[in-house]
file structure-v2.cif (mmCIF, C-alpha atoms)
data_work
#
loop_
_atom_site.label_atom_id
_atom_site.label_comp_id
_atom_site.auth_asym_id
_atom_site.auth_seq_id
_atom_site.Cartn_x
_atom_site.Cartn_y
_atom_site.Cartn_z
CA MET H 2 14.63 71.69 81.30
CA LYS H 3 11.55 70.11 82.87
CA PRO H 4 10.07 67.44 80.60
CA GLY H 5 6.81 68.35 78.98
CA ILE H 6 7.42 72.01 78.16
CA GLU H 7 5.98 72.29 74.67
CA PHE H 8 6.00 74.71 71.80
CA PHE H 9 2.49 74.50 70.35
CA THR H 10 1.08 76.07 67.19
CA ALA H 11 -2.58 76.03 66.22
CA THR H 12 -3.42 77.33 62.75
CA CYS H 13 -6.80 78.68 61.71
CA LEU H 14 -8.53 76.72 58.97
CA ASN H 15 -6.94 77.47 55.59
CA TRP H 16 -4.81 80.17 57.24
CA GLN H 17 -7.86 82.45 57.31
CA SER H 18 -7.73 85.49 59.58
CA LEU H 19 -10.19 84.07 62.08
CA LEU H 20 -8.47 85.89 64.97
CA ARG H 21 -8.10 89.34 63.36
CA GLU H 22 -10.69 90.85 65.72
CA ASP H 23 -9.61 91.59 69.28
CA SER H 24 -12.82 90.00 70.62
CA ARG H 25 -11.65 86.67 69.22
CA LYS H 26 -8.10 87.12 70.47
CA ASN H 27 -9.66 87.76 73.87
CA ILE H 28 -11.49 84.41 73.62
CA VAL H 29 -8.10 82.73 73.23
CA MET H 30 -6.65 84.73 76.12
CA ASP H 31 -9.62 83.98 78.39
CA SER H 32 -9.25 80.27 77.63
CA LEU H 33 -5.54 80.34 78.45
CA LYS H 34 -6.27 82.23 81.67
CA PHE H 35 -8.81 79.58 82.67
CA LEU H 36 -6.36 76.74 81.94
CA VAL H 37 -3.73 78.40 84.13
CA GLU H 38 -6.06 79.40 86.96
CA ASP H 39 -7.71 75.96 87.00
CA GLY H 40 -4.28 74.40 87.51
CA ARG H 41 -4.15 72.59 84.16
CA ILE H 42 -1.11 74.28 82.62
CA TRP H 43 1.75 76.65 83.16
CA LEU H 44 1.85 79.22 80.37
CA TYR H 45 5.33 80.52 79.59
CA GLY H 46 4.87 82.45 76.37
CA PHE H 47 2.35 83.18 73.63
CA VAL H 48 1.41 85.22 70.62
CA VAL H 49 -2.08 85.36 69.12
CA MET H 50 -1.78 86.21 65.44
CA PRO H 51 -4.69 86.82 63.03
CA ASN H 52 -4.41 83.30 61.59
CA HIS H 53 -2.54 81.22 64.18
CA VAL H 54 -1.48 80.95 67.81
CA HIS H 55 1.95 80.05 69.20
CA LEU H 56 2.23 78.88 72.82
CA LEU H 57 5.00 77.73 75.12
CA TRP H 58 3.26 75.74 77.84
CA CYS H 59 3.43 72.71 80.09
CA LYS H 60 0.70 70.49 81.52
CA ARG H 61 0.52 70.38 85.28
CA ASP H 62 1.03 67.02 86.98
CA LYS H 63 -2.57 65.85 87.40
CA TRP H 64 -3.35 66.84 83.78
CA VAL H 65 -0.42 65.04 82.09
CA ASP H 66 -2.63 62.28 80.71
CA LYS H 67 -5.35 64.67 79.50
CA ASN H 68 -5.56 66.23 76.05
CA ILE H 69 -5.32 69.90 77.04
CA GLN H 70 -4.70 71.04 73.48
CA GLN H 71 -7.94 69.40 72.32
CA GLN H 72 -9.86 71.05 75.20
CA PHE H 73 -8.33 74.42 74.31
CA LEU H 74 -9.09 74.16 70.59
CA LYS H 75 -12.62 72.83 71.08
CA TYR H 76 -13.55 75.50 73.62
CA THR H 77 -12.10 78.40 71.62
CA ALA H 78 -13.82 77.17 68.43
CA GLN H 79 -17.16 76.99 70.22
CA GLN H 80 -16.77 80.48 71.69
CA ILE H 81 -15.70 81.96 68.33
CA LYS H 82 -18.76 80.40 66.71
CA PHE H 83 -20.97 82.01 69.39
CA ASP H 84 -19.16 85.32 68.82
CA MET H 85 -19.91 85.16 65.08
CA ILE H 86 -23.57 84.30 65.69
CA ASN H 87 -24.05 87.01 68.34
CA ASN H 88 -22.39 89.64 66.14
CA GLN H 89 -24.34 88.66 63.01
CA LYS H 90 -21.23 87.46 61.14
CA LEU H 91 -23.14 84.62 59.51
CA ASP H 92 -21.48 85.03 56.09
CA GLU H 93 -18.10 84.67 57.76
CA LEU H 94 -19.33 81.71 59.78
CA GLU H 95 -20.21 79.93 56.53
CA LEU H 96 -16.51 80.03 55.57
CA TYR H 97 -15.94 77.54 58.39
CA ARG H 98 -18.80 75.14 57.61
CA SER H 99 -17.39 71.63 57.80
CA THR H 100 -17.66 69.01 55.08
CA GLN H 101 -17.06 66.32 57.70
CA SER H 102 -19.86 64.49 59.45
CA ASP H 103 -18.40 64.80 62.95
CA ARG H 104 -18.90 68.59 63.21
CA GLU H 105 -20.94 71.45 61.81
CA PHE H 106 -18.06 73.95 61.68
CA HIS H 107 -14.30 73.62 61.56
CA PHE H 108 -12.15 76.53 62.80
CA TRP H 109 -8.71 75.01 63.42
CA GLU H 110 -6.53 72.98 61.10
CA ARG H 111 -6.22 69.35 62.12
CA ARG H 112 -2.93 68.13 63.58
CA PRO H 113 -1.52 71.25 65.26
CA TYR H 114 2.25 71.44 65.55
CA LYS H 115 3.92 70.67 68.86
CA ALA H 116 7.52 70.11 69.89
CA THR H 117 9.04 69.41 73.29
CA MET H 118 11.69 71.84 74.52
CA PHE H 119 14.71 69.87 75.71
CA ASN H 120 16.98 72.70 76.85
CA ARG H 121 17.11 76.38 77.67
CA LYS H 122 18.75 77.33 74.38
CA VAL H 123 15.85 75.90 72.36
CA ALA H 124 13.29 77.50 74.68
CA ASP H 125 15.06 80.87 74.29
CA GLN H 126 14.88 80.50 70.51
CA LYS H 127 11.17 79.68 70.61
CA ILE H 128 10.38 82.64 72.89
CA ASP H 129 12.21 84.95 70.48
CA TYR H 130 10.39 83.39 67.54
CA ILE H 131 7.04 83.88 69.30
CA HIS H 132 7.76 87.50 70.21
CA TYR H 133 9.08 88.56 66.81
CA ASN H 134 6.32 86.82 64.84
CA PRO H 135 4.11 89.97 64.68
CA VAL H 136 7.09 92.01 63.43
CA LYS H 137 7.89 89.45 60.76
CA ALA H 138 4.22 89.44 59.70
CA GLY H 139 4.23 93.25 59.38
CA LEU H 140 1.69 93.82 62.16
CA CYS H 141 4.07 96.13 64.05
CA THR H 142 7.61 97.46 63.85
CA ASP H 143 8.63 96.52 67.39
CA PRO H 144 7.39 93.49 69.35
CA GLU H 145 6.45 95.66 72.33
CA GLU H 146 3.76 97.31 70.17
CA TYR H 147 1.83 94.06 69.79
CA LYS H 148 -0.65 93.57 72.64
CA TYR H 149 -1.40 89.85 72.25
CA SER H 150 2.05 88.57 73.12
CA SER H 151 4.11 87.72 76.18
CA PHE H 152 6.92 90.05 75.02
CA SER H 153 6.33 92.71 77.70
CA PHE H 154 6.43 90.05 80.43
CA TYR H 155 9.94 88.98 79.43
CA GLU H 156 11.52 92.14 78.06
CA LEU H 157 9.81 94.96 79.95
CA ASN H 158 8.97 93.15 83.22
CA GLU H 159 5.32 94.12 82.78
CA ASP H 160 2.76 91.46 83.61
CA GLN H 161 -0.26 92.67 81.61
CA TRP H 162 -2.00 89.31 81.68
CA GLY H 163 -1.40 88.13 85.24
CA PHE H 164 -1.12 84.41 84.50
CA LEU H 165 2.30 83.87 82.93
CA THR H 166 5.20 82.00 84.52
CA HIS H 167 8.79 82.57 83.44
CA TYR H 168 10.03 79.36 81.86
CA ALA H 169 13.38 79.76 83.64
CA ASP H 170 11.46 79.09 86.89
CA HIS H 171 10.79 75.54 85.63
CA LEU H 172 14.19 74.56 84.31
#
call {"tool": "encode", "arguments": {"input": "structure-v2.cif", "output": "structure tokens"}}
result
Amino acid sequence: MKPGIEFFTATCLNWQSLLREDSRKNIVMDSLKFLVEDGRIWLYGFVVMPNHVHLLWCKRDKWVDKNIQQQFLKYTAQQIKFDMINNQKLDELELYRSTQSDREFHFWERRPYKATMFNRKVADQKIDYIHYNPVKAGLCTDPEEYKYSSFSFYELNEDQWGFLTHYADHL
């Protein structure tokens, strides 16, 4: 498998359901779309859960030395903050007020999880894990019912999002 394909998990602060609203899931999706269309990453798989995000992605060549995950987390946090302010969710916003001097609000846990995929078998396992996460969490009974996932791209050959690449294309 091509070096650099990563399984990445970002968890919302204190496992709160920051992403329960579709408008916030759409912020994550719009950010991923930008990263793909701007030539920064290939996105192979994803699921956006109410309190975390799982991604299978790879930096593109000219972005290898850049911290894409930090850009992604910073941008989505900023947009979610704006969403809360614009929709008068100020009480909810206070749940994310930071106690640290380097920021006013804190939406994502520090030190997100990432692991490099070294072979197809491991990548297959991670894709299955990603796709069945909503079922395991009780959000649906079948993974095809969950909109914010790459399941339909792989299992139903439906490209709802328009910016995914099959990871087998980069083995």
call {"tool": "residues_around", "arguments": {"input": "structure-v2.cif", "residues": "stretch 15-22 of chain H", "least_positions_apart": "6", "cutoff": "8 Å", "atoms": "all atoms listed in the file", "output": "PDB file with C-alpha atoms, in the frame of the given file"}}
result
ATOM      1  CA  VAL H  49      -2.080  85.360  69.120  1.00  0.00           C
ATOM      2  CA  MET H  50      -1.780  86.210  65.440  1.00  0.00           C
ATOM      3  CA  PRO H  51      -4.690  86.820  63.030  1.00  0.00           C
ATOM      4  CA  ASN H  52      -4.410  83.300  61.590  1.00  0.00           C
ATOM      5  CA  HIS H  53      -2.540  81.220  64.180  1.00  0.00           C
ATOM      6  CA  PHE H 108     -12.150  76.530  62.800  1.00  0.00           C
ATOM      7  CA  GLU H 110      -6.530  72.980  61.100  1.00  0.00           C
TER       8      GLU H 110
END
call {"tool": "residues_around", "arguments": {"input": "structure-v2.cif", "residues": "H:Gly40", "least_positions_apart": "2", "cutoff": "12 Å", "atoms": "all atoms listed in the file", "output": "list in words"}}
result
Leu33, Lys34, Phe35, Leu36, Val37, Glu38, Ile42, Trp43, Leu44, Cys59, Lys60, Arg61, Asp62, Lys63, Trp64, Val65, Ile69 and Phe164 of chain H
call {"tool": "residues_near_point", "arguments": {"input": "structure-v2.cif", "point": "(12.7, 68.7, 75.9)", "cutoff": "12 Å", "atoms": "all atoms listed in the file", "output": "number ranges by chain"}}
result
H: 2-8, 57-59, 115-124, 172
call {"tool": "write_last_selection", "arguments": {"input": "structure-v2.cif", "atoms": "C-alpha atoms", "output": "JSON list (two decimals), in the coordinates of the input"}}
result
[["chain", "number", "residue", "atom", "x", "y", "z"],
["H", 2, "MET", "CA", 14.63, 71.69, 81.30],
["H", 3, "LYS", "CA", 11.55, 70.11, 82.87],
["H", 4, "PRO", "CA", 10.07, 67.44, 80.60],
["H", 5, "GLY", "CA", 6.81, 68.35, 78.98],
["H", 6, "ILE", "CA", 7.42, 72.01, 78.16],
["H", 7, "GLU", "CA", 5.98, 72.29, 74.67],
["H", 8, "PHE", "CA", 6.00, 74.71, 71.80],
["H", 57, "LEU", "CA", 5.00, 77.73, 75.12],
["H", 58, "TRP", "CA", 3.26, 75.74, 77.84],
["H", 59, "CYS", "CA", 3.43, 72.71, 80.09],
["H", 115, "LYS", "CA", 3.92, 70.67, 68.86],
["H", 116, "ALA", "CA", 7.52, 70.11, 69.89],
["H", 117, "THR", "CA", 9.04, 69.41, 73.29],
["H", 118, "MET", "CA", 11.69, 71.84, 74.52],
["H", 119, "PHE", "CA", 14.71, 69.87, 75.71],
["H", 120, "ASN", "CA", 16.98, 72.70, 76.85],
["H", 121, "ARG", "CA", 17.11, 76.38, 77.67],
["H", 122, "LYS", "CA", 18.75, 77.33, 74.38],
["H", 123, "VAL", "CA", 15.85, 75.90, 72.36],
["H", 124, "ALA", "CA", 13.29, 77.50, 74.68],
["H", 172, "LEU", "CA", 14.19, 74.56, 84.31]]
call {"tool": "closest_residue", "arguments": {"input": "structure-v2.cif", "among": "H:Met30, H:Asn134, H:Asp84, H:Gln70", "to": "H:Gln161", "atoms": "only C-alpha atoms"}}
result
H:Met30
call {"tool": "resolve_selection", "arguments": {"input": "structure-v2.cif", "expression": "the PyMOL selection byres ((chain H and resi 129) around 12)", "output": "ChimeraX atom specification"}}
result
/H:46-48,55-57,122-128,130-137,144,150-152,155-156
call {"tool": "resolve_selection", "arguments": {"input": "structure-v2.cif", "expression": "the PyMOL selection byres ((chain H and resi 94) around 12)", "output": "ChimeraX atom specification"}}
result
/H:14,17,19,78-79,81-93,95-99,105-108
call {"tool": "atom_distance", "arguments": {"input": "structure-v2.cif", "atom1": "atom CA of H:Thr100", "atom2": "atom CA of H:Val29"}}
result
24.7 Å
call {"tool": "atom_distance", "arguments": {"input": "structure-v2.cif", "atom1": "atom CA of H:Arg112", "atom2": "atom CA of H:Tyr149"}}
result
23.4 Å
call {"tool": "atom_distance", "arguments": {"input": "structure-v2.cif", "atom1": "atom CA of H:Pro113", "atom2": "atom CA of H:Gly163"}}
result
26.2 Å
call {"tool": "build_atoms", "arguments": {"input": "structure-v2.cif", "residues": "stretch 21-40 of chain H", "atoms": "N, CA and C atoms", "output": "mmCIF file, in the frame of the given file"}}
result
data_model
loop_
_atom_site.group_PDB
_atom_site.id
_atom_site.type_symbol
_atom_site.label_atom_id
_atom_site.label_comp_id
_atom_site.auth_asym_id
_atom_site.auth_seq_id
_atom_site.Cartn_x
_atom_site.Cartn_y
_atom_site.Cartn_z
ATOM 1 N N ARG H 21 -8.487 87.944 63.632
ATOM 2 C CA ARG H 21 -8.100 89.340 63.360
ATOM 3 C C ARG H 21 -8.767 90.305 64.338
ATOM 4 N N GLU H 22 -9.964 89.968 64.794
ATOM 5 C CA GLU H 22 -10.690 90.850 65.720
ATOM 6 C C GLU H 22 -10.212 90.606 67.150
ATOM 7 N N ASP H 23 -10.057 91.698 67.891
ATOM 8 C CA ASP H 23 -9.610 91.590 69.280
ATOM 9 C C ASP H 23 -10.566 90.755 70.126
ATOM 10 N N SER H 24 -11.861 90.793 69.830
ATOM 11 C CA SER H 24 -12.820 90.000 70.620
ATOM 12 C C SER H 24 -12.485 88.517 70.529
ATOM 13 N N ARG H 25 -12.000 88.083 69.383
ATOM 14 C CA ARG H 25 -11.650 86.670 69.220
ATOM 15 C C ARG H 25 -10.286 86.367 69.836
ATOM 16 N N LYS H 26 -9.371 87.302 69.755
ATOM 17 C CA LYS H 26 -8.100 87.120 70.470
ATOM 18 C C LYS H 26 -8.362 87.019 71.961
ATOM 19 N N ASN H 27 -9.318 87.804 72.447
ATOM 20 C CA ASN H 27 -9.660 87.760 73.870
ATOM 21 C C ASN H 27 -10.276 86.410 74.262
ATOM 22 N N ILE H 28 -10.977 85.759 73.358
ATOM 23 C CA ILE H 28 -11.490 84.410 73.620
ATOM 24 C C ILE H 28 -10.322 83.475 73.879
ATOM 25 N N VAL H 29 -9.294 83.563 73.044
ATOM 26 C CA VAL H 29 -8.100 82.730 73.230
ATOM 27 C C VAL H 29 -7.446 83.051 74.567
ATOM 28 N N MET H 30 -7.301 84.334 74.876
ATOM 29 C CA MET H 30 -6.650 84.730 76.120
ATOM 30 C C MET H 30 -7.462 84.278 77.344
ATOM 31 N N ASP H 31 -8.775 84.417 77.274
ATOM 32 C CA ASP H 31 -9.620 83.980 78.390
ATOM 33 C C ASP H 31 -9.510 82.467 78.605
ATOM 34 N N SER H 32 -9.407 81.722 77.518
ATOM 35 C CA SER H 32 -9.250 80.270 77.630
ATOM 36 C C SER H 32 -7.920 79.915 78.270
ATOM 37 N N LEU H 33 -6.855 80.591 77.850
ATOM 38 C CA LEU H 33 -5.540 80.340 78.450
ATOM 39 C C LEU H 33 -5.540 80.703 79.937
ATOM 40 N N LYS H 34 -6.174 81.820 80.259
ATOM 41 C CA LYS H 34 -6.270 82.230 81.670
ATOM 42 C C LYS H 34 -6.983 81.159 82.487
ATOM 43 N N PHE H 35 -8.085 80.636 81.963
ATOM 44 C CA PHE H 35 -8.810 79.580 82.670
ATOM 45 C C PHE H 35 -7.917 78.361 82.872
ATOM 46 N N LEU H 36 -7.206 77.925 81.824
ATOM 47 C CA LEU H 36 -6.360 76.740 81.940
ATOM 48 C C LEU H 36 -5.284 76.915 83.005
ATOM 49 N N VAL H 37 -4.739 78.124 83.107
ATOM 50 C CA VAL H 37 -3.730 78.400 84.130
ATOM 51 C C VAL H 37 -4.373 78.441 85.513
ATOM 52 N N GLU H 38 -5.437 79.215 85.652
ATOM 53 C CA GLU H 38 -6.060 79.400 86.960
ATOM 54 C C GLU H 38 -6.724 78.125 87.481
ATOM 55 N N ASP H 39 -7.119 77.228 86.595
ATOM 56 C CA ASP H 39 -7.710 75.960 87.000
ATOM 57 C C ASP H 39 -6.635 74.907 87.302
ATOM 58 N N GLY H 40 -5.371 75.310 87.179
ATOM 59 C CA GLY H 40 -4.280 74.400 87.510
ATOM 60 C C GLY H 40 -3.995 73.337 86.466
#
